[in-house]
Amino acid sequence: MIKIACSLFLLIASAAYAQESVRSIAEIEGSFNHKIGNDFLCYEEHDEPCPTPKPPYIGKKRVYWVPEFLIETVKAPGEYVLVDASSERRKQELIAAAKKSAVQMSGDGSLLDLSSASSHQSMTGGNLQFSEVHVQTFKKALPLGLMCPSPLSNRLTMTKRGTEEYVKKWRKPEAVPWLNVNMGEWGPLYPRAGFMIHSSPMTASVATAIKGLYLMRSHALADASIGLILKADKVQLVPLTSRPRPQCVKIGANLTNYENEYYSKDGRYAWLYWHRHECACM
């Protein structure tokens with residue numbers, strides 16, 4: 001009887017923490033305020049000393065982080081978790097783009113199997129994760145980035161993009177042996193593919209979110225400092241309920257604590273990508 005009661009309690013507790021399927025983008029942007037709560041901690045504005053001795057800089061440089069991209073990971077082409085007025089139209093556009101790209105690359109569209117995209121997880125006992133990634137500019141935070149413009153921001157600006165537009169690269173990526181960029185506990189940045197072997201669906205989600213973001217702006221990877229950029233940037237989980245967002249984490253950090261509290265029943269997640277800005281030394 002005690003075992004049954006404990007099991008029932010755990011089941012109810014798990015259900016209470018499980019995330020819902022969708023959340024309004026307008027609600028997320030409307031609730032954003034970089035001076036309140038955990039958002040302020042992510043913003044983390046502070047001064048850092050200028051380099052010395054040459055050139056002869058005087059004073060300090062202002063450093064802060066801005067949430068520049070809203071990223072969602074889903075299990076099949078066209079699915080979404082962040083909704084707005086264009087969600088259903090965008091769903092059809094992404095499915096059409098995926099089919100067109102698959103046919104162009106393989107001739108018969110065999111690279112794309114809409115019916116099995118969400119079942120890849122069962123292929124290796126639950127450790128092979130697959131996600132499509134959708135990225136859009138987080139417009140609410142754009143004015144913050146104008147204080148100290150970042151070259152990376154300018155090169156990565158986008159409205160709405162999806163990995164469905166890159167079927168071959170996302171499902172059968174080419175190896176890039178001369179680029180070795182590591183994301184800590186999330187594994188290597190390359191190959192930038194939607195498949196990832198990992199026991200944690202949340203970690204697999206955020207890792208593929210980063211891969212998808214940089215795949216969609218691959219010309220930014222010509223910058224040899226991409227490893228340093230990732231090391232300086234942060235991500236923040238966006239709960240698919242009205243619960244407060246947790247603190248930001250550095251790219252590659254352990255997400256065990258977040259997974260226990262914010263796991264998603266259907267394996268879909270949303271993230272804010274915070275990019276580091278710094279004002280030039282005077």
# chains A, B, ... in the order shown; residues from 1 in each chain; ligands from 1
>>> residues_around(residues="Gly184 in chain A", least_positions_apart="4", cutoff="10 Å", atoms="only C-alpha atoms", output="PyMOL selection string")
chain A and resi 188-189+231+250-254
>>> write_last_selection(atoms="N, CA and C atoms", output="short mmCIF file (atom, residue, chain, number, x, y, z; two decimals), in the first residue's frame")
data_model
loop_
_atom_site.label_atom_id
_atom_site.label_comp_id
_atom_site.auth_asym_id
_atom_site.auth_seq_id
_atom_site.Cartn_x
_atom_site.Cartn_y
_atom_site.Cartn_z
N PRO A 188 30.48 18.11 -29.15
CA PRO A 188 31.06 18.98 -30.18
C PRO A 188 29.98 19.71 -30.98
N LEU A 189 30.35 20.88 -31.50
CA LEU A 189 29.43 21.64 -32.35
C LEU A 189 29.24 20.94 -33.70
N LYS A 231 31.78 30.16 -25.86
CA LYS A 231 32.19 30.12 -24.46
C LYS A 231 31.65 31.32 -23.68
N LYS A 250 25.67 28.78 -18.87
CA LYS A 250 26.70 28.88 -19.89
C LYS A 250 26.56 27.71 -20.85
N ILE A 251 26.94 27.93 -22.08
CA ILE A 251 26.88 26.87 -23.07
C ILE A 251 27.81 25.73 -22.65
N GLY A 252 27.25 24.53 -22.57
CA GLY A 252 28.00 23.36 -22.15
C GLY A 252 27.79 22.97 -20.71
N ALA A 253 26.96 23.73 -19.97
CA ALA A 253 26.76 23.45 -18.55
C ALA A 253 25.89 22.22 -18.33
N ASN A 254 25.99 21.64 -17.15
CA ASN A 254 25.17 20.49 -16.78
C ASN A 254 23.74 20.95 -16.52
#
>>> select_by_dssp(residues="range 171-260 of chain A", states="strand (DSSP E or B)", output="PyMOL selection string")
chain A and resi 182+188+195-197+234-237+249-250
>>> atom_distance(atom1="CA of Gly59 in chain A", atom2="CA of Cys279 in chain A")
11.6 Å
>>> atom_distance(atom1="CA of Ile229 in chain A", atom2="CA of Gln247 in chain A")
19.7 Å
>>> atom_distance(atom1="CA of Glu164 in chain A", atom2="CA of Glu185 in chain A")
26.3 Å
>>> closest_residue(among="A:Gly30, A:Leu230, A:Arg171, A:Thr163", to="Met183 in chain A", atoms="only C-alpha atoms")
A:Leu230
